[in-house]
Amino acid sequence: MPKVTKKTLNCRGRLVNLADGPTPGTSIMGILNLTPDSFYEHSRIKPEKVADTAAQMIRDGARFIDLGGYSTRPGAADISPAEETDRVVPAIEAILTALPDALISVDTFRASVARHAVAAGAVMINDVAGGTLDPDMFTTAATLGVPYVLMHMRGTPQTMQSFTTYKQLVPEIIDEIGQQYARLRQLGHKDIILDPGFGFAKTPAQNFELLGQLEAFTVFDAPLLAGLSRKSTIWRTLGITAAEALNGTTVLNTIAVLKHADILRVHDVREAAEVILLKKNLKNF
């Protein structure tokens, strides 16, 4: 049996139980990209549409809205922290003006961007680098005291696909993410969410292997996030495009939920909510 993991998060004084809410058993994080070059074109949101899009995601069942101002697709262009901040902070302010109770996550690996985002009202940091690209990130996250998504990645978004050599895929990822997890715990951080990093320094075959063993990450006393939405593992395997990868995403999200994912990070909230609500009726899982 998998270890029972921590299911509650303190989001700046608001206690959020991931097992409750609009999608019982698993929460949904809706993706809003503030970048012009994210891999899935329809996830790129214009500033004037951010609040409306976030509102629709929440109506569809999203518990969190994840705002990203830096594209982390393989080979994406680098931008300055100032430019990333200028994309993210106004979007946070716009959403919270329209939706004061929205739970906003900032998708960044930079401590300075995280600080500005939390000051603007974000309640979570989603770090694709797991603290490896900014030496100040862990102390910043611990000081801010907001939930922190610790993702596994090697290298940078520009170089990660050259770091896909593993002798034993899942044990090595658990070891590497476990070392970072222990560092955060030593700093006193209590609300850590683990993300094994589908597509980040992993080949398509490795992503399938990782999903097949996702429950292995329940050895940690931490919620588990799965981010599979419309990734190239799906559309390259099927010989289609990211725009055509919703059905494949739904299939892999279903597997992730059955393997104890606590949060699904998705572009398509309504379809993910249907997965979770249908799974709730499977009494033997």
# chains A, B, ... in the order shown; residues from 1 in each chain; ligands from 1

call {"tool": "closest_atom_pairs", "arguments": {"of": "region 152-263 of chain A", "to": "region 19-31 of chain A", "cutoff": "12 Å", "atoms": "only C-alpha atoms", "output": "tab-separated table"}}
result
residue	atom	partner	partner_atom	distance
A:Pro223	CA	A:Thr26	CA	10.0
A:Leu224	CA	A:Thr26	CA	9.8
A:Leu225	CA	A:Met29	CA	9.2
A:Ala226	CA	A:Met29	CA	9.9
A:Gly227	CA	A:Met29	CA	9.3
A:Leu228	CA	A:Ile31	CA	11.6
A:Ser229	CA	A:Ile31	CA	9.3
A:Arg230	CA	A:Ile31	CA	11.4
A:Asn253	CA	A:Ile28	CA	10.8
A:Thr254	CA	A:Thr26	CA	11.0
A:Ala256	CA	A:Thr26	CA	10.1
A:Val257	CA	A:Thr26	CA	7.2
A:Leu258	CA	A:Thr26	CA	10.1
A:Lys259	CA	A:Thr26	CA	11.1
A:His260	CA	A:Thr26	CA	8.4
A:Ala261	CA	A:Thr26	CA	6.8
A:Asp262	CA	A:Thr26	CA	4.7
A:Ile263	CA	A:Ser27	CA	4.7

call {"tool": "write_last_selection", "arguments": {"atoms": "N, CA, C and O atoms", "output": "short mmCIF file (atom, residue, chain, number, x, y, z; two decimals), in the first residue's frame"}}
result
data_model
loop_
_atom_site.label_atom_id
_atom_site.label_comp_id
_atom_site.auth_asym_id
_atom_site.auth_seq_id
_atom_site.Cartn_x
_atom_site.Cartn_y
_atom_site.Cartn_z
N PRO A 223 2.42 15.89 -0.92
CA PRO A 223 1.51 15.73 -2.06
C PRO A 223 2.30 15.57 -3.35
O PRO A 223 3.44 16.05 -3.48
N LEU A 224 1.66 14.93 -4.32
CA LEU A 224 2.31 14.62 -5.60
C LEU A 224 1.58 15.32 -6.74
O LEU A 224 0.36 15.21 -6.88
N LEU A 225 2.32 16.07 -7.55
CA LEU A 225 1.77 16.77 -8.70
C LEU A 225 2.22 16.09 -9.98
O LEU A 225 3.40 15.73 -10.11
N ALA A 226 1.30 15.94 -10.93
CA ALA A 226 1.63 15.37 -12.24
C ALA A 226 1.31 16.40 -13.32
O ALA A 226 0.18 16.87 -13.42
N GLY A 227 2.31 16.73 -14.12
CA GLY A 227 2.13 17.68 -15.22
C GLY A 227 2.39 17.00 -16.55
O GLY A 227 3.53 16.95 -17.03
N LEU A 228 1.35 16.47 -17.15
CA LEU A 228 1.46 15.71 -18.40
C LEU A 228 0.77 16.41 -19.57
O LEU A 228 0.91 15.97 -20.72
N SER A 229 0.09 17.48 -19.30
CA SER A 229 -0.84 18.07 -20.25
C SER A 229 -0.21 18.44 -21.60
O SER A 229 0.69 19.27 -21.66
N ARG A 230 -0.69 17.78 -22.64
CA ARG A 230 -0.34 18.08 -24.04
C ARG A 230 1.17 18.07 -24.32
O ARG A 230 1.64 18.69 -25.29
N ASN A 253 -3.66 11.49 -17.76
CA ASN A 253 -4.15 12.05 -16.49
C ASN A 253 -4.93 11.01 -15.69
O ASN A 253 -4.84 10.97 -14.45
N THR A 254 -5.68 10.19 -16.38
CA THR A 254 -6.43 9.13 -15.70
C THR A 254 -5.47 8.17 -14.99
O THR A 254 -5.69 7.81 -13.82
N ALA A 256 -2.45 8.87 -14.00
CA ALA A 256 -1.82 9.60 -12.89
C ALA A 256 -2.73 9.63 -11.67
O ALA A 256 -2.28 9.46 -10.53
N VAL A 257 -4.02 9.85 -11.88
CA VAL A 257 -4.96 9.88 -10.76
C VAL A 257 -5.04 8.51 -10.10
O VAL A 257 -5.06 8.39 -8.87
N LEU A 258 -5.07 7.46 -10.90
CA LEU A 258 -5.12 6.11 -10.34
C LEU A 258 -3.85 5.76 -9.58
O LEU A 258 -3.86 4.89 -8.71
N LYS A 259 -2.76 6.45 -9.93
CA LYS A 259 -1.48 6.21 -9.26
C LYS A 259 -1.18 7.28 -8.20
O LYS A 259 -0.03 7.56 -7.90
N HIS A 260 -2.26 7.87 -7.67
CA HIS A 260 -2.19 8.68 -6.46
C HIS A 260 -1.66 10.09 -6.64
O HIS A 260 -1.15 10.70 -5.69
N ALA A 261 -1.80 10.68 -7.84
CA ALA A 261 -1.49 12.10 -7.99
C ALA A 261 -2.49 12.92 -7.17
O ALA A 261 -3.70 12.68 -7.22
N ASP A 262 -1.99 13.90 -6.45
CA ASP A 262 -2.84 14.77 -5.64
C ASP A 262 -3.24 16.04 -6.39
O ASP A 262 -4.25 16.67 -6.07
N ILE A 263 -2.43 16.43 -7.37
CA ILE A 263 -2.71 17.61 -8.19
C ILE A 263 -2.42 17.27 -9.64
O ILE A 263 -1.37 16.69 -9.95
#

call {"tool": "residues_around", "arguments": {"residues": "region 157-165 of chain A", "least_positions_apart": "2", "cutoff": "10 Å", "atoms": "only C-alpha atoms", "output": "ChimeraX atom specification"}}
result
/A:70-78,128-129,153-155,167-169,199-203,206

call {"tool": "write_last_selection", "arguments": {"atoms": "N, CA and C atoms", "output": "compact mmCIF listing (two decimals), in the first residue's frame"}}
result
# COMPACT_ATOMS: atom_id res chain seq x y z
N TYR A 70 7.83 32.64 -18.06
CA TYR A 70 9.09 32.19 -18.67
C TYR A 70 8.81 30.85 -19.32
N SER A 71 9.00 30.75 -20.61
CA SER A 71 8.74 29.49 -21.30
C SER A 71 9.83 28.47 -20.97
N THR A 72 9.40 27.29 -20.51
CA THR A 72 10.36 26.23 -20.16
C THR A 72 10.31 25.08 -21.16
N ARG A 73 9.73 25.32 -22.33
CA ARG A 73 9.76 24.27 -23.35
C ARG A 73 11.21 24.03 -23.76
N PRO A 74 11.56 22.83 -24.25
CA PRO A 74 12.94 22.56 -24.66
C PRO A 74 13.44 23.58 -25.67
N GLY A 75 14.59 24.19 -25.37
CA GLY A 75 15.18 25.14 -26.29
C GLY A 75 14.59 26.53 -26.25
N ALA A 76 13.73 26.82 -25.28
CA ALA A 76 13.09 28.14 -25.21
C ALA A 76 14.13 29.23 -24.97
N ALA A 77 13.80 30.44 -25.44
CA ALA A 77 14.69 31.58 -25.27
C ALA A 77 14.73 32.03 -23.82
N ASP A 78 15.90 32.48 -23.38
CA ASP A 78 16.06 33.00 -22.03
C ASP A 78 15.58 34.45 -21.99
N VAL A 128 10.21 24.74 -11.56
CA VAL A 128 10.54 23.61 -12.44
C VAL A 128 11.97 23.11 -12.22
N ALA A 129 12.82 23.94 -11.63
CA ALA A 129 14.21 23.55 -11.42
C ALA A 129 14.46 22.93 -10.06
N MET A 153 14.42 18.27 -12.34
CA MET A 153 14.96 18.61 -13.65
C MET A 153 16.47 18.57 -13.57
N ARG A 154 17.10 18.25 -14.67
CA ARG A 154 18.55 18.38 -14.78
C ARG A 154 18.86 19.45 -15.81
N GLY A 155 19.94 20.19 -15.59
CA GLY A 155 20.33 21.22 -16.55
C GLY A 155 19.39 22.41 -16.48
N LYS A 167 20.94 5.33 -15.08
CA LYS A 167 21.14 3.88 -14.95
C LYS A 167 19.86 3.22 -14.45
N GLN A 168 19.21 3.84 -13.48
CA GLN A 168 17.93 3.38 -12.95
C GLN A 168 17.05 4.62 -12.80
N LEU A 169 16.13 4.79 -13.71
CA LEU A 169 15.40 6.05 -13.84
C LEU A 169 14.73 6.48 -12.53
N GLY A 199 8.90 15.16 -18.90
CA GLY A 199 9.38 15.94 -20.04
C GLY A 199 10.60 16.78 -19.77
N PHE A 200 11.04 16.86 -18.54
CA PHE A 200 12.20 17.67 -18.19
C PHE A 200 13.39 16.75 -17.94
N ALA A 201 14.32 16.72 -18.88
CA ALA A 201 15.47 15.81 -18.82
C ALA A 201 15.01 14.35 -18.82
N LYS A 202 13.96 14.08 -19.59
CA LYS A 202 13.46 12.71 -19.78
C LYS A 202 13.02 12.53 -21.23
N THR A 203 13.31 11.37 -21.78
CA THR A 203 12.85 11.03 -23.11
C THR A 203 11.39 10.57 -23.05
N GLN A 206 11.18 7.35 -21.22
CA GLN A 206 11.40 7.53 -19.79
C GLN A 206 10.16 8.13 -19.12

call {"tool": "residues_around", "arguments": {"residues": "region 32-35 of chain A", "least_positions_apart": "2", "cutoff": "12 Å", "atoms": "only C-alpha atoms", "output": "PyMOL selection string"}}
result
chain A and resi 29-30+37-57+62+64-73+76-79+83-92+95+104-108+265-269

call {"tool": "residues_around", "arguments": {"residues": "Gly121 (chain A)", "least_positions_apart": "2", "cutoff": "9 Å", "atoms": "only C-alpha atoms", "output": "PyMOL selection string"}}
result
chain A and resi 89+92-93+96+103-104+116-119+123

call {"tool": "select_by_dssp", "arguments": {"residues": "region 76-132 of chain A", "states": "strand (DSSP E or B)", "output": "list in words"}}
result
Ile104, Ser105, Val106, Asp107, Met124, Ile125, Asn126 and Asp127 of chain A

call {"tool": "atom_distance", "arguments": {"atom1": "CA of Arg185 (chain A)", "atom2": "CA of Ala142 (chain A)"}}
result
8.9 Å

call {"tool": "residues_around", "arguments": {"residues": "Val251 (chain A)", "least_positions_apart": "6", "cutoff": "10 Å", "atoms": "only C-alpha atoms", "output": "VMD selection string"}}
result
chain A and resid 234 272 275

call {"tool": "write_last_selection", "arguments": {"atoms": "C-alpha atoms", "output": "PDB file, in the first residue's frame"}}
result
ATOM      1  CA  ILE A 234       1.868  12.358 -26.095  1.00  0.00           C
ATOM      2  CA  ALA A 272      -9.427  16.899 -16.109  1.00  0.00           C
ATOM      3  CA  VAL A 275     -11.476  12.340 -15.047  1.00  0.00           C
TER       4      VAL A 275
END

call {"tool": "residues_around", "arguments": {"residues": "Phe138 (chain A)", "least_positions_apart": "2", "cutoff": "12 Å", "atoms": "only C-alpha atoms", "output": "short mmCIF file (atom, residue, chain, number, x, y, z; two decimals) with N, CA, C and O atoms, in the first residue's frame"}}
result
data_model
loop_
_atom_site.label_atom_id
_atom_site.label_comp_id
_atom_site.auth_asym_id
_atom_site.auth_seq_id
_atom_site.Cartn_x
_atom_site.Cartn_y
_atom_site.Cartn_z
N PHE A 109 11.56 29.73 -11.60
CA PHE A 109 12.70 29.14 -10.89
C PHE A 109 13.59 30.23 -10.30
O PHE A 109 14.67 29.95 -9.80
N ARG A 110 13.11 31.49 -10.34
CA ARG A 110 13.90 32.62 -9.86
C ARG A 110 13.34 33.16 -8.55
O ARG A 110 12.16 33.51 -8.46
N ALA A 111 14.21 33.28 -7.56
CA ALA A 111 13.78 33.74 -6.25
C ALA A 111 13.23 35.16 -6.30
O ALA A 111 12.24 35.47 -5.62
N SER A 112 13.85 36.02 -7.08
CA SER A 112 13.39 37.42 -7.12
C SER A 112 11.99 37.51 -7.71
O SER A 112 11.15 38.29 -7.22
N ALA A 114 9.75 35.11 -7.61
CA ALA A 114 8.87 34.53 -6.59
C ALA A 114 8.54 35.55 -5.51
O ALA A 114 7.38 35.66 -5.08
N ARG A 115 9.53 36.30 -5.07
CA ARG A 115 9.27 37.31 -4.03
C ARG A 115 8.26 38.36 -4.50
O ARG A 115 7.32 38.71 -3.78
N ILE A 125 4.64 28.72 -4.95
CA ILE A 125 5.75 28.80 -5.90
C ILE A 125 5.87 27.46 -6.59
O ILE A 125 5.96 26.42 -5.92
N ASN A 126 5.89 27.46 -7.91
CA ASN A 126 6.04 26.24 -8.70
C ASN A 126 7.38 26.34 -9.44
O ASN A 126 7.49 27.03 -10.46
N ASP A 127 8.39 25.65 -8.92
CA ASP A 127 9.76 25.78 -9.41
C ASP A 127 10.16 24.57 -10.24
O ASP A 127 10.45 23.50 -9.69
N ALA A 129 12.82 23.94 -11.63
CA ALA A 129 14.21 23.55 -11.42
C ALA A 129 14.46 22.93 -10.06
O ALA A 129 15.58 22.49 -9.77
N GLY A 130 13.46 22.90 -9.21
CA GLY A 130 13.64 22.31 -7.89
C GLY A 130 14.78 22.91 -7.10
O GLY A 130 15.49 22.22 -6.36
N GLY A 131 14.98 24.21 -7.25
CA GLY A 131 16.01 24.90 -6.49
C GLY A 131 17.40 24.82 -7.06
O GLY A 131 18.34 25.35 -6.46
N THR A 132 17.57 24.21 -8.23
CA THR A 132 18.92 23.99 -8.77
C THR A 132 19.44 25.16 -9.60
O THR A 132 20.63 25.22 -9.88
N LEU A 133 18.57 26.09 -10.01
CA LEU A 133 19.02 27.17 -10.89
C LEU A 133 19.13 28.52 -10.20
O LEU A 133 19.59 29.49 -10.82
N ASP A 134 18.71 28.62 -8.95
CA ASP A 134 18.86 29.86 -8.20
C ASP A 134 19.21 29.50 -6.77
O ASP A 134 18.38 28.94 -6.05
N PRO A 135 20.42 29.82 -6.32
CA PRO A 135 20.84 29.44 -4.98
C PRO A 135 20.02 30.08 -3.87
O PRO A 135 20.07 29.64 -2.72
N ASP A 136 19.27 31.13 -4.20
CA ASP A 136 18.47 31.81 -3.19
C ASP A 136 17.04 31.27 -3.09
O ASP A 136 16.28 31.70 -2.22
N THR A 140 14.44 31.63 0.12
CA THR A 140 13.33 32.52 -0.18
C THR A 140 12.00 31.83 0.07
O THR A 140 11.10 32.38 0.71
N ALA A 141 11.87 30.60 -0.43
CA ALA A 141 10.62 29.84 -0.25
C ALA A 141 10.35 29.59 1.23
O ALA A 141 9.22 29.72 1.70
N ALA A 142 11.40 29.24 1.97
CA ALA A 142 11.23 28.98 3.40
C ALA A 142 10.85 30.26 4.14
O ALA A 142 10.01 30.23 5.05
N THR A 143 11.44 31.38 3.76
CA THR A 143 11.13 32.65 4.41
C THR A 143 9.71 33.11 4.09
O THR A 143 8.98 33.57 4.98
N LEU A 144 9.31 32.96 2.84
CA LEU A 144 7.97 33.37 2.44
C LEU A 144 6.90 32.47 3.06
O LEU A 144 5.78 32.91 3.32
N GLY A 145 7.24 31.20 3.25
CA GLY A 145 6.33 30.27 3.92
C GLY A 145 5.13 29.84 3.10
O GLY A 145 4.16 29.33 3.66
N VAL A 146 5.20 29.99 1.79
CA VAL A 146 4.10 29.53 0.95
C VAL A 146 4.41 28.13 0.42
O VAL A 146 5.58 27.74 0.34
N PRO A 147 3.39 27.35 0.06
CA PRO A 147 3.65 26.03 -0.52
C PRO A 147 4.59 26.12 -1.72
O PRO A 147 4.52 27.09 -2.50
N TYR A 148 5.43 25.10 -1.87
CA TYR A 148 6.48 25.10 -2.88
C TYR A 148 6.44 23.79 -3.65
O TYR A 148 6.50 22.71 -3.06
N VAL A 149 6.32 23.89 -4.97
CA VAL A 149 6.35 22.71 -5.83
C VAL A 149 7.80 22.45 -6.21
O VAL A 149 8.43 23.25 -6.91
N LEU A 150 8.31 21.33 -5.74
CA LEU A 150 9.69 20.92 -5.98
C LEU A 150 9.69 19.93 -7.15
O LEU A 150 9.30 18.78 -7.00
N GLN A 180 16.99 17.38 -2.47
CA GLN A 180 16.46 18.74 -2.43
C GLN A 180 15.33 18.86 -1.40
O GLN A 180 15.22 19.86 -0.71
N TYR A 181 14.52 17.82 -1.32
CA TYR A 181 13.43 17.79 -0.35
C TYR A 181 13.99 17.89 1.07
O TYR A 181 13.47 18.65 1.91
N ALA A 182 15.06 17.15 1.33
CA ALA A 182 15.67 17.18 2.66
C ALA A 182 16.24 18.55 2.99
O ALA A 182 16.14 19.03 4.12
N ARG A 183 16.84 19.21 1.99
CA ARG A 183 17.37 20.56 2.20
C ARG A 183 16.26 21.53 2.58
O ARG A 183 16.42 22.36 3.49
N LEU A 184 15.15 21.45 1.88
CA LEU A 184 14.02 22.33 2.20
C LEU A 184 13.49 22.07 3.60
O LEU A 184 13.18 23.00 4.35
N ARG A 185 13.39 20.80 3.96
CA ARG A 185 12.93 20.45 5.30
C ARG A 185 13.87 21.00 6.37
O ARG A 185 13.44 21.49 7.42
N GLN A 186 15.16 20.93 6.11
CA GLN A 186 16.14 21.44 7.07
C GLN A 186 16.00 22.94 7.27
O GLN A 186 16.30 23.47 8.35
N LEU A 187 15.52 23.64 6.23
CA LEU A 187 15.29 25.08 6.33
C LEU A 187 13.97 25.40 7.01
O LEU A 187 13.64 26.58 7.19
N GLY A 188 13.20 24.37 7.36
CA GLY A 188 11.95 24.56 8.06
C GLY A 188 10.73 24.67 7.19
O GLY A 188 9.64 24.99 7.69
N HIS A 189 10.87 24.41 5.89
CA HIS A 189 9.71 24.49 5.01
C HIS A 189 8.81 23.27 5.23
O HIS A 189 9.27 22.14 5.24
N ILE A 192 5.60 21.23 1.07
CA ILE A 192 6.34 20.90 -0.15
C ILE A 192 5.51 19.92 -0.98
O ILE A 192 4.98 18.94 -0.46
#

call {"tool": "atom_distance", "arguments": {"atom1": "CA of Gly239 (chain A)", "atom2": "CA of Thr156 (chain A)"}}
result
26.7 Å

call {"tool": "select_by_dssp", "arguments": {"residues": "region 31-167 of chain A", "states": "alpha helix (DSSP H)", "output": "number ranges by chain"}}
result
A: 50-60, 81-98, 111-120, 137-144

call {"tool": "decode", "arguments": {"residues": "region 153-196 of chain A", "atoms": "C-alpha atoms", "output": "PDB file, in the first residue's frame"}}
result
ATOM      1  CA  MET A 153      14.956  18.608 -13.652  1.00  0.00           C
ATOM      2  CA  ARG A 154      18.548  18.379 -14.782  1.00  0.00           C
ATOM      3  CA  GLY A 155      20.327  21.222 -16.547  1.00  0.00           C
ATOM      4  CA  THR A 156      18.327  24.232 -17.743  1.00  0.00           C
ATOM      5  CA  PRO A 157      15.300  24.530 -20.047  1.00  0.00           C
ATOM      6  CA  GLN A 158      17.812  25.159 -22.834  1.00  0.00           C
ATOM      7  CA  THR A 159      20.034  22.113 -22.073  1.00  0.00           C
ATOM      8  CA  MET A 160      17.858  19.616 -20.190  1.00  0.00           C
ATOM      9  CA  GLN A 161      17.363  17.217 -23.088  1.00  0.00           C
ATOM     10  CA  SER A 162      21.101  16.466 -23.078  1.00  0.00           C
ATOM     11  CA  PHE A 163      20.831  15.106 -19.521  1.00  0.00           C
ATOM     12  CA  THR A 164      18.595  12.088 -20.077  1.00  0.00           C
ATOM     13  CA  THR A 165      21.055   9.325 -19.181  1.00  0.00           C
ATOM     14  CA  TYR A 166      19.971   7.292 -16.149  1.00  0.00           C
ATOM     15  CA  LYS A 167      21.138   3.881 -14.945  1.00  0.00           C
ATOM     16  CA  GLN A 168      17.928   3.385 -12.953  1.00  0.00           C
ATOM     17  CA  LEU A 169      15.400   6.048 -13.836  1.00  0.00           C
ATOM     18  CA  VAL A 170      12.960   6.154 -10.916  1.00  0.00           C
ATOM     19  CA  PRO A 171      15.454   5.414  -8.097  1.00  0.00           C
ATOM     20  CA  GLU A 172      17.782   8.134  -9.410  1.00  0.00           C
ATOM     21  CA  ILE A 173      14.978  10.694  -9.664  1.00  0.00           C
ATOM     22  CA  ILE A 174      13.787   9.827  -6.162  1.00  0.00           C
ATOM     23  CA  ASP A 175      17.349  10.195  -4.869  1.00  0.00           C
ATOM     24  CA  GLU A 176      17.929  13.537  -6.603  1.00  0.00           C
ATOM     25  CA  ILE A 177      14.591  15.079  -5.660  1.00  0.00           C
ATOM     26  CA  GLY A 178      14.930  13.573  -2.197  1.00  0.00           C
ATOM     27  CA  GLN A 179      18.159  15.455  -1.559  1.00  0.00           C
ATOM     28  CA  GLN A 180      16.459  18.740  -2.433  1.00  0.00           C
ATOM     29  CA  TYR A 181      13.429  17.790  -0.349  1.00  0.00           C
ATOM     30  CA  ALA A 182      15.674  17.175   2.660  1.00  0.00           C
ATOM     31  CA  ARG A 183      17.374  20.560   2.203  1.00  0.00           C
ATOM     32  CA  LEU A 184      14.018  22.328   2.203  1.00  0.00           C
ATOM     33  CA  ARG A 185      12.927  20.450   5.303  1.00  0.00           C
ATOM     34  CA  GLN A 186      16.138  21.443   7.074  1.00  0.00           C
ATOM     35  CA  LEU A 187      15.293  25.078   6.326  1.00  0.00           C
ATOM     36  CA  GLY A 188      11.953  24.564   8.063  1.00  0.00           C
ATOM     37  CA  HIS A 189       9.705  24.487   5.008  1.00  0.00           C
ATOM     38  CA  LYS A 190       6.582  22.463   5.744  1.00  0.00           C
ATOM     39  CA  ASP A 191       4.390  22.635   2.619  1.00  0.00           C
ATOM     40  CA  ILE A 192       6.343  20.896  -0.154  1.00  0.00           C
ATOM     41  CA  ILE A 193       4.687  19.372  -3.217  1.00  0.00           C
ATOM     42  CA  LEU A 194       6.681  16.912  -5.343  1.00  0.00           C
ATOM     43  CA  ASP A 195       6.635  16.883  -9.147  1.00  0.00           C
ATOM     44  CA  PRO A 196       8.723  14.158 -10.875  1.00  0.00           C
TER      45      PRO A 196
END
